[in-house]
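input.cif follows; it contains mmCIF, C-alpha atoms and all ligand atoms.
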```
data_structure
#
loop_
_atom_site.label_atom_id
_atom_site.label_comp_id
_atom_site.auth_asym_id
_atom_site.auth_seq_id
_atom_site.Cartn_x
_atom_site.Cartn_y
_atom_site.Cartn_z
CA MET J 784 0.00 0.00 0.00
CA VAL J 785 1.15 3.53 -0.72
CA LYS J 786 1.92 5.40 2.46
CA ASN J 787 0.30 8.77 2.91
CA ASN J 788 2.34 11.58 1.36
CA LEU J 789 4.20 9.33 -1.02
CA ILE J 790 2.09 10.50 -3.92
CA ALA J 791 3.04 13.15 -6.42
CA GLY J 792 2.25 13.88 -10.04
CA VAL J 793 2.50 16.14 -13.04
CA MET J 794 -0.27 18.54 -14.03
CA GLY J 795 -0.72 19.96 -17.53
CA ASN J 796 -3.05 19.98 -20.50
CA PRO J 797 -2.52 17.89 -22.54
CA ILE J 798 -0.48 15.57 -20.34
CA SER J 799 -0.33 12.24 -22.16
CA HIS J 800 2.93 13.22 -23.92
CA SER J 801 4.73 13.87 -20.61
CA LYS J 802 7.62 11.55 -19.90
CA SER J 803 7.83 12.58 -16.26
CA PRO J 804 5.71 9.59 -15.06
CA LEU J 805 8.17 7.27 -16.79
CA LEU J 806 11.15 8.94 -15.15
CA PHE J 807 9.61 9.02 -11.67
CA ARG J 808 8.48 5.38 -11.92
CA TYR J 809 12.03 4.42 -12.88
CA TRP J 810 13.55 6.30 -9.93
CA LEU J 811 10.91 5.03 -7.46
CA ASP J 812 11.63 1.42 -8.47
CA LYS J 813 15.37 1.95 -8.48
CA LEU J 814 15.33 3.40 -4.97
CA SER J 815 12.73 0.85 -3.74
CA ILE J 816 10.26 3.54 -2.74
CA GLU J 817 6.61 2.55 -2.50
CA GLY J 818 5.39 5.77 -4.01
CA GLN J 819 3.17 6.82 -6.87
CA TYR J 820 3.52 9.52 -9.50
CA VAL J 821 0.53 10.23 -11.71
CA PRO J 822 -0.24 12.34 -14.78
CA LEU J 823 -3.08 14.81 -14.21
CA SER J 824 -4.87 16.42 -17.12
CA VAL J 825 -6.35 19.64 -15.74
CA VAL J 826 -8.06 22.51 -17.57
CA LYS J 827 -7.27 26.09 -16.60
CA GLN J 828 -10.50 26.78 -14.73
CA ASP J 829 -9.94 23.75 -12.45
CA VAL J 830 -6.32 24.46 -11.51
CA GLU J 831 -7.07 26.35 -8.28
CA GLN J 832 -9.52 23.73 -7.02
CA VAL J 833 -7.18 20.85 -7.88
CA LEU J 834 -4.34 22.55 -5.99
CA LYS J 835 -6.57 22.86 -2.93
CA THR J 836 -7.75 19.25 -3.12
CA LEU J 837 -4.54 17.32 -3.80
CA PRO J 838 -2.87 17.89 -0.40
CA LYS J 839 -6.12 16.76 1.29
CA ILE J 840 -5.92 13.41 -0.47
CA GLY J 841 -2.28 12.76 0.36
CA PHE J 842 -0.25 14.40 -2.39
CA SER J 843 3.09 15.78 -1.25
CA GLY J 844 3.89 17.69 -4.42
CA LEU J 845 3.34 18.29 -8.06
CA ASN J 846 5.25 19.08 -11.22
CA VAL J 847 3.58 21.60 -13.48
CA THR J 848 3.91 21.80 -17.22
CA ILE J 849 2.41 23.70 -20.16
CA PRO J 850 0.10 25.67 -19.99
CA HIS J 851 -0.11 26.16 -16.20
CA LYS J 852 3.46 27.09 -15.22
CA GLU J 853 2.67 30.80 -14.89
CA LEU J 854 -0.87 30.49 -13.56
CA VAL J 855 0.07 28.42 -10.48
CA LEU J 856 2.12 31.32 -9.07
CA LYS J 857 -1.15 33.16 -8.44
CA PHE J 858 -2.29 30.54 -5.93
CA ALA J 859 1.03 29.85 -4.15
CA GLU J 860 1.58 30.56 -0.45
CA ILE J 861 5.33 30.86 -1.06
CA VAL J 862 7.07 31.63 -4.35
CA THR J 863 10.83 31.00 -4.32
CA PRO J 864 13.02 33.87 -5.59
CA ARG J 865 14.04 31.90 -8.68
CA ALA J 866 10.42 31.13 -9.59
CA LYS J 867 9.64 34.81 -9.14
CA THR J 868 12.54 35.79 -11.40
CA ILE J 869 11.51 33.35 -14.11
CA GLY J 870 7.80 34.13 -13.71
CA ALA J 871 6.85 30.46 -13.80
CA ALA J 872 6.96 27.35 -11.57
CA ASN J 873 7.49 23.70 -12.41
CA THR J 874 7.78 22.18 -8.93
CA LEU J 875 5.14 22.63 -6.21
CA THR J 876 5.45 21.31 -2.67
CA PHE J 877 2.37 21.16 -0.45
CA LEU J 878 2.74 22.74 2.99
CA PRO J 879 1.18 21.70 6.33
CA SER J 880 -1.13 24.73 5.99
CA GLY J 881 -2.74 23.19 2.89
CA GLY J 882 -1.09 25.78 0.65
CA PHE J 883 1.99 25.19 -1.48
CA LYS J 884 5.46 26.48 -2.26
CA ALA J 885 6.13 27.16 -5.94
CA ASP J 886 9.66 26.67 -7.21
CA ASN J 887 11.36 26.63 -10.59
CA THR J 888 14.15 24.06 -11.00
CA ASP J 889 14.97 24.65 -14.69
CA GLY J 890 18.03 26.79 -13.95
CA PHE J 891 19.21 24.24 -11.39
CA GLY J 892 18.80 21.51 -14.03
CA PHE J 893 20.73 23.53 -16.58
CA LEU J 894 23.70 24.11 -14.26
CA ALA J 895 23.74 20.58 -12.87
CA ASN J 896 23.81 19.19 -16.40
CA LEU J 897 26.52 21.59 -17.52
CA LYS J 898 28.69 20.78 -14.51
CA GLU J 899 28.16 17.06 -14.92
CA HIS J 900 29.32 17.11 -18.52
CA GLN J 901 32.01 19.79 -18.21
CA GLN J 902 33.65 19.31 -14.87
CA ASN J 903 36.26 22.00 -15.56
CA TRP J 904 33.62 24.62 -16.25
CA SER J 905 34.10 27.72 -14.17
CA SER J 906 31.72 30.64 -13.94
CA LYS J 907 34.64 32.94 -13.13
CA LYS J 908 36.10 32.88 -16.61
CA CYS J 909 33.00 32.29 -18.65
CA THR J 910 31.53 34.48 -21.38
CA PRO J 911 28.26 32.98 -22.60
CA LEU J 912 26.02 33.79 -25.55
CA VAL J 913 22.39 32.86 -24.94
CA LEU J 914 20.19 32.38 -28.01
CA GLY J 915 16.55 33.15 -27.21
CA ALA J 916 14.67 35.30 -24.72
CA GLY J 917 11.74 33.17 -23.56
CA GLY J 918 11.16 31.35 -20.27
CA ALA J 919 14.01 28.89 -20.83
CA SER J 920 16.40 31.77 -21.51
CA ARG J 921 15.36 33.46 -18.24
CA SER J 922 16.09 30.27 -16.29
CA VAL J 923 19.53 29.90 -17.88
CA ILE J 924 20.45 33.57 -17.42
CA SER J 925 19.36 33.72 -13.78
CA SER J 926 21.27 30.55 -12.92
CA LEU J 927 24.44 31.81 -14.65
CA LEU J 928 24.22 35.16 -12.84
CA GLU J 929 23.66 33.42 -9.52
CA GLU J 930 26.73 31.32 -10.21
CA GLY J 931 28.82 34.49 -10.59
CA VAL J 932 29.02 35.02 -14.37
CA THR J 933 29.67 38.73 -14.91
CA LEU J 934 28.79 39.24 -18.60
CA ILE J 935 26.18 37.45 -20.70
CA TYR J 936 25.51 38.14 -24.37
CA VAL J 937 21.87 37.59 -25.30
CA THR J 938 20.37 37.55 -28.77
CA ASN J 939 16.82 36.94 -29.92
CA ARG J 940 14.84 37.10 -33.14
CA THR J 941 12.55 39.67 -31.48
CA PHE J 942 15.04 42.25 -30.25
CA GLU J 943 12.63 43.84 -27.76
CA ARG J 944 12.31 40.60 -25.80
CA ALA J 945 16.09 40.44 -25.34
CA GLN J 946 16.02 44.09 -24.33
CA GLU J 947 13.41 43.23 -21.68
CA LEU J 948 15.87 40.74 -20.19
CA ARG J 949 18.52 43.49 -20.10
CA ASN J 950 16.06 45.74 -18.29
CA PHE J 951 15.18 42.96 -15.85
CA PHE J 952 18.62 41.50 -15.09
CA GLY J 953 20.68 44.69 -15.49
CA PRO J 954 23.95 45.72 -17.14
CA LYS J 955 25.59 42.28 -17.00
CA ILE J 956 23.33 41.48 -19.96
CA VAL J 957 24.57 42.73 -23.32
CA VAL J 958 22.03 42.45 -26.13
CA ILE J 959 23.27 41.52 -29.60
CA GLU J 960 21.15 41.82 -32.73
CA TRP J 961 19.98 38.46 -34.07
CA ASN J 962 21.75 39.13 -37.39
CA TYR J 963 25.10 39.69 -35.63
CA LYS J 964 25.19 36.55 -33.52
CA LYS J 965 27.75 34.90 -35.80
CA GLU J 966 30.22 37.74 -35.31
CA ILE J 967 30.24 37.42 -31.51
CA LEU J 968 31.09 33.69 -31.54
CA SER J 969 34.85 34.38 -31.43
CA ASP J 970 34.41 36.26 -28.12
CA ILE J 971 32.55 33.58 -26.17
CA ASP J 972 33.33 30.24 -24.56
CA LEU J 973 29.79 29.03 -23.82
CA LEU J 974 26.96 28.96 -26.39
CA ILE J 975 23.46 28.03 -25.26
CA ASN J 976 20.48 27.53 -27.54
CA THR J 977 17.27 28.14 -25.57
CA THR J 978 15.10 28.66 -28.67
CA SER J 979 12.93 25.95 -30.14
CA LEU J 980 14.95 26.04 -33.38
CA GLY J 981 16.33 22.61 -34.26
CA MET J 982 13.51 20.77 -32.49
CA VAL J 983 11.60 18.14 -34.46
CA GLY J 984 8.99 19.92 -36.56
CA GLN J 985 10.70 23.33 -36.21
CA LYS J 986 13.11 25.18 -38.48
CA LEU J 987 16.83 24.60 -38.07
CA LEU J 988 18.98 27.15 -36.29
CA ASP J 989 20.72 28.97 -39.10
CA LEU J 990 24.08 29.72 -37.49
CA SER J 991 27.48 29.08 -39.00
CA LEU J 992 30.06 28.22 -36.34
CA GLU J 993 33.07 29.19 -38.43
CA ASN J 994 34.11 31.87 -35.90
CA ILE J 995 33.80 29.64 -32.85
CA ASP J 996 36.82 28.69 -30.74
CA GLN J 997 37.12 24.95 -30.34
CA ASN J 998 37.29 25.26 -26.55
CA THR J 999 33.76 26.65 -26.52
CA ILE J 1000 31.12 24.59 -24.75
CA VAL J 1001 27.95 24.32 -26.83
CA VAL J 1002 24.71 23.49 -25.02
CA ASP J 1003 21.42 22.85 -26.79
CA LEU J 1004 18.31 22.76 -24.60
CA VAL J 1005 16.48 20.98 -27.42
CA TYR J 1006 16.40 17.23 -26.65
CA ASN J 1007 14.32 15.97 -29.54
CA PRO J 1008 16.42 15.12 -31.48
CA ILE J 1009 19.15 14.46 -28.93
CA LYS J 1010 21.88 15.45 -31.35
CA THR J 1011 20.67 18.62 -33.03
CA GLN J 1012 22.21 20.15 -36.14
CA LEU J 1013 23.87 22.73 -33.87
CA LEU J 1014 25.54 20.02 -31.76
CA LYS J 1015 26.59 18.09 -34.88
CA GLU J 1016 28.31 21.14 -36.30
CA ALA J 1017 29.87 22.04 -32.94
CA GLU J 1018 31.19 18.50 -32.61
CA LYS J 1019 32.71 18.71 -36.09
CA ARG J 1020 34.58 21.81 -35.02
CA GLY J 1021 35.93 20.09 -31.94
CA CYS J 1022 33.76 21.95 -29.41
CA LYS J 1023 32.55 20.35 -26.20
CA CYS J 1024 28.87 19.50 -26.56
CA VAL J 1025 26.07 19.15 -23.99
CA ASP J 1026 22.62 17.97 -25.06
CA GLY J 1027 19.26 18.97 -23.57
CA LEU J 1028 18.21 15.64 -22.08
CA GLY J 1029 20.42 16.01 -19.02
CA MET J 1030 18.77 19.31 -18.06
CA LEU J 1031 15.36 17.72 -18.37
CA LEU J 1032 16.41 14.88 -16.07
CA HIS J 1033 18.29 17.04 -13.55
CA GLN J 1034 15.44 19.54 -13.15
CA ALA J 1035 13.29 16.71 -11.77
CA ILE J 1036 15.69 15.86 -8.93
CA PRO J 1037 14.73 18.55 -6.36
CA GLY J 1038 11.04 17.63 -6.61
CA PHE J 1039 11.67 13.91 -6.31
CA GLU J 1040 14.00 14.32 -3.35
CA GLY J 1041 11.64 16.71 -1.54
CA TRP J 1042 8.54 14.54 -2.00
CA PHE J 1043 9.97 11.04 -1.69
CA GLY J 1044 12.93 11.66 0.64
CA LYS J 1045 15.74 10.18 -1.44
CA LYS J 1046 17.96 11.79 -4.06
CA PRO J 1047 17.90 10.02 -7.43
CA SER J 1048 20.84 10.16 -9.80
CA VAL J 1049 21.06 10.96 -13.46
CA ASP J 1050 23.31 8.25 -14.80
CA THR J 1051 23.82 6.54 -18.15
CA ALA J 1052 21.11 4.00 -17.30
CA THR J 1053 18.58 6.79 -16.64
CA ARG J 1054 19.39 8.42 -19.96
CA LYS J 1055 19.17 5.10 -21.76
CA MET J 1056 15.81 4.25 -20.19
CA PHE J 1057 14.48 7.64 -21.20
CA LEU J 1058 15.71 7.34 -24.78
CA THR J 1059 14.46 3.82 -25.40
CA LYS J 1060 10.91 4.18 -23.98
P1 LIG J 1101 10.32 28.86 -23.71
O1 LIG J 1101 9.52 29.18 -22.49
O2 LIG J 1101 10.50 27.39 -23.98
O3 LIG J 1101 11.63 29.59 -23.74
P2 LIG J 1101 9.08 30.78 -25.47
O4 LIG J 1101 8.90 31.75 -24.36
O5 LIG J 1101 7.95 30.58 -26.43
O6 LIG J 1101 9.42 29.33 -24.94
O7 LIG J 1101 10.40 31.20 -26.29
C1 LIG J 1101 10.77 30.58 -27.48
C2 LIG J 1101 12.08 31.18 -27.98
O8 LIG J 1101 12.38 30.59 -29.26
C3 LIG J 1101 12.02 32.68 -28.19
O9 LIG J 1101 13.30 33.24 -27.95
C4 LIG J 1101 11.66 32.77 -29.68
O10 LIG J 1101 12.02 33.98 -30.29
P3 LIG J 1101 10.96 35.22 -30.34
O11 LIG J 1101 11.00 35.84 -28.98
O12 LIG J 1101 11.45 36.08 -31.40
O13 LIG J 1101 9.61 34.59 -30.64
C5 LIG J 1101 12.51 31.65 -30.23
N1 LIG J 1101 12.02 31.19 -31.54
C6 LIG J 1101 10.96 30.41 -31.80
N2 LIG J 1101 10.82 30.22 -33.15
C7 LIG J 1101 11.84 30.91 -33.72
C8 LIG J 1101 12.26 31.13 -35.09
N3 LIG J 1101 11.60 30.58 -36.12
N4 LIG J 1101 13.36 31.89 -35.30
C9 LIG J 1101 14.04 32.44 -34.27
N5 LIG J 1101 13.70 32.28 -32.97
C10 LIG J 1101 12.61 31.53 -32.70
#
```
What would the structure in this file look like if it were written as structure tokens?
Amino acid sequence: MVKNNLIAGVMGNPISHSKSPLLFRYWLDKLSIEGQYVPLSVVKQDVEQVLKTLPKIGFSGLNVTIPHKELVLKFAEIVTPRAKTIGAANTLTFLPSGGFKADNTDGFGFLANLKEHQQNWSSKKCTPLVLGAGGASRSVISSLLEEGVTLIYVTNRTFERAQELRNFFGPKIVVIEWNYKKEILSDIDLLINTTSLGMVGQKLLDLSLENIDQNTIVVDLVYNPIKTQLLKEAEKRGCKCVDGLGMLLHQAIPGFEGWFGKKPSVDTATRKMFLTK
């Protein structure tokens, strides 16, 4: 029998595509935890009621995905600073009061993945270029700033959105016009694609890497396909490459550990399980 408070889930709409239940099931079995993790398809108008009901029936927490990541902040008792900065939450933990704490673990997942793959990476001597200015870009930028990075180039198709990030995060952000991104590649040592370009069904990222230094780390947040055109070209040029799957797996760790009491690991077997299912 499932003990009280060993139940969590993922809420979104639609939710059938979510691979989180697969990942959590794998970790629960691996760590011999008698817990449950369920997908919950919830429409917008029911979100508030569902969030009030779940802790009453034994849920300890919830992941949130599209389209409710922003909406849930409205109902939270506590919003962590990083969720506030990003303006969205993906990890909710129910509190004894019946309310919940809303957190965003995307930036944590990004950094954990980067550090796992590039153990020599140091924020002290890092000059990144971030492609994109959406929610994923915000998570990456805030985690890099928190880590001590002092200058971040940001470029986006819609210039004004990148400018908004400059206004929000301050002068450590330097906005580059989308058409000039190629020219700045020789000045950076970390390139991060946070746009949806290169994802299955989307256009490719049209960026020649001829100016890139081969010591540059290239990270693509896109994980479908695992090896994007950007990573293929970066690999050809001898750059160090980090794919997006690790971030997806790492961002789930804080929720799992908080709700089920044990810290899972992202190892080769976890990646393999995820890729083959
Ligand atoms: P997320 O929360 O995943 O970051 P988002 O907020 O919709 O999603 O942001 C998507 C990012 O991909 C944005 O930077 C977007 O650029 P715009 O702000 O100009 O829309 C970028 N993007 C999506 N399609 C693109 C395309 N065809 N060319 C260039 N950038 C694109």
Can you pull out every residue within 12 Å of Arg940 in chain J, counting only C-alpha atoms, but drop anything in the same chain fewer than 5 positions away, and send it as a tab-separated table (two decimals) with C-alpha atoms, keeping the file's coordinate frame?
```
chain	number	residue	atom	x	y	z
J	913	VAL	CA	22.39	32.86	-24.94
J	914	LEU	CA	20.19	32.38	-28.01
J	915	GLY	CA	16.55	33.15	-27.21
J	916	ALA	CA	14.67	35.30	-24.72
J	917	GLY	CA	11.74	33.17	-23.56
J	945	ALA	CA	16.09	40.44	-25.34
J	946	GLN	CA	16.02	44.09	-24.33
J	958	VAL	CA	22.03	42.45	-26.13
J	959	ILE	CA	23.27	41.52	-29.60
J	960	GLU	CA	21.15	41.82	-32.73
J	961	TRP	CA	19.98	38.46	-34.07
J	962	ASN	CA	21.75	39.13	-37.39
J	963	TYR	CA	25.10	39.69	-35.63
J	964	LYS	CA	25.19	36.55	-33.52
J	977	THR	CA	17.27	28.14	-25.57
J	978	THR	CA	15.10	28.66	-28.67
J	979	SER	CA	12.93	25.95	-30.14
J	980	LEU	CA	14.95	26.04	-33.38
J	988	LEU	CA	18.98	27.15	-36.29
J	989	ASP	CA	20.72	28.97	-39.10
```
Margin query: Excluding Leu974 in chain J and its own-chain neighbours fewer than 3 positions away, which residues fall within 10 Å of it when counting only C-alpha atoms? Please give them as JSON, numbers by chain.
Written below: {"J": [910, 911, 912, 913, 914, 936, 968, 971, 977, 995, 999, 1000, 1001, 1002, 1003, 1017, 1024]}
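CA of Val830 in chain J lies 8.0 Å from CA of His851 in chain J.
Atom to atom, CA of Thr836 in chain J and CA of Leu814 in chain J stand 28.1 Å apart.
If you measure from each of J:Ala885, J:Ile849, J:Ala791, J:Leu897 to ligand LIG 1101 (chain J) using all atoms listed in the file, the closest one turns out to be J:Ile849.
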Around all of ligand LIG 1101 (chain J)'s listed atoms, make the axis-aligned box with 4 Å on each side and tell me centre and edge lengths in Å to one decimal, as JSON.
```
{"center_x": 11.0, "center_y": 31.7, "center_z": -29.3, "size_x": 14.1, "size_y": 16.7, "size_z": 21.6}
```
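Considering the residues J:Cys1022, J:Leu1014, J:Val932, J:Val957 and counting all atoms listed in the file, Asp996 in chain J has its shortest atom-to-atom contact with J:Cys1022.
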If you count only C-alpha atoms, the residue of J:Ile1009, J:Cys909, J:Ile935, J:Leu854 closest to Gln828 in chain J turns out to be J:Leu854
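Checking J:Phe891, J:Trp1042, J:Phe942, J:Tyr1006 one by one against ligand LIG 1101 (chain J), counting only C-alpha atoms and all ligand atoms, you find the shortest gap at J:Phe942.
Each of J:Gln1012, J:Ser926, J:Thr848, J:Asn896 was compared to ligand LIG 1101 (chain J) using only C-alpha atoms and all ligand atoms, and J:Thr848 turns out to be the nearest.
Between ligand LIG 1101 (chain J) and the residues J:Gly1038, J:Gly1029, J:Gly870, J:Pro797, the shortest atom-to-atom distance, using all atoms listed in the file, involves J:Gly870.
If you look at CA of Ser843 in chain J and CA of Glu930 in chain J, they are 29.7 Å away from each other.
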If we count all atoms listed in the file, what is near Lys852 in chain J at a cut-off of 10 Å, once residues fewer than 2 positions away on the same chain are taken out, given as a ChimeraX atom specification?
/J:794-795,846-850,854-856,866,870-874,885,887
Self-check item: Near-Gly890 in chain J list (9 Å; all atoms listed in the file; drop same-chain fewer than 6 positions) as a PyMOL selection string
Solution: chain J and resi 865+919+921-927+1030+1034
Residue contacts of Phe1039 in chain J (10 Å, only C-alpha atoms) excluding same-chain residues fewer than 4 positions away, as a VMD selection string:
chain J and resid 791 807 810 to 811 820 844 to 846 874 1034 to 1035 1043 to 1047
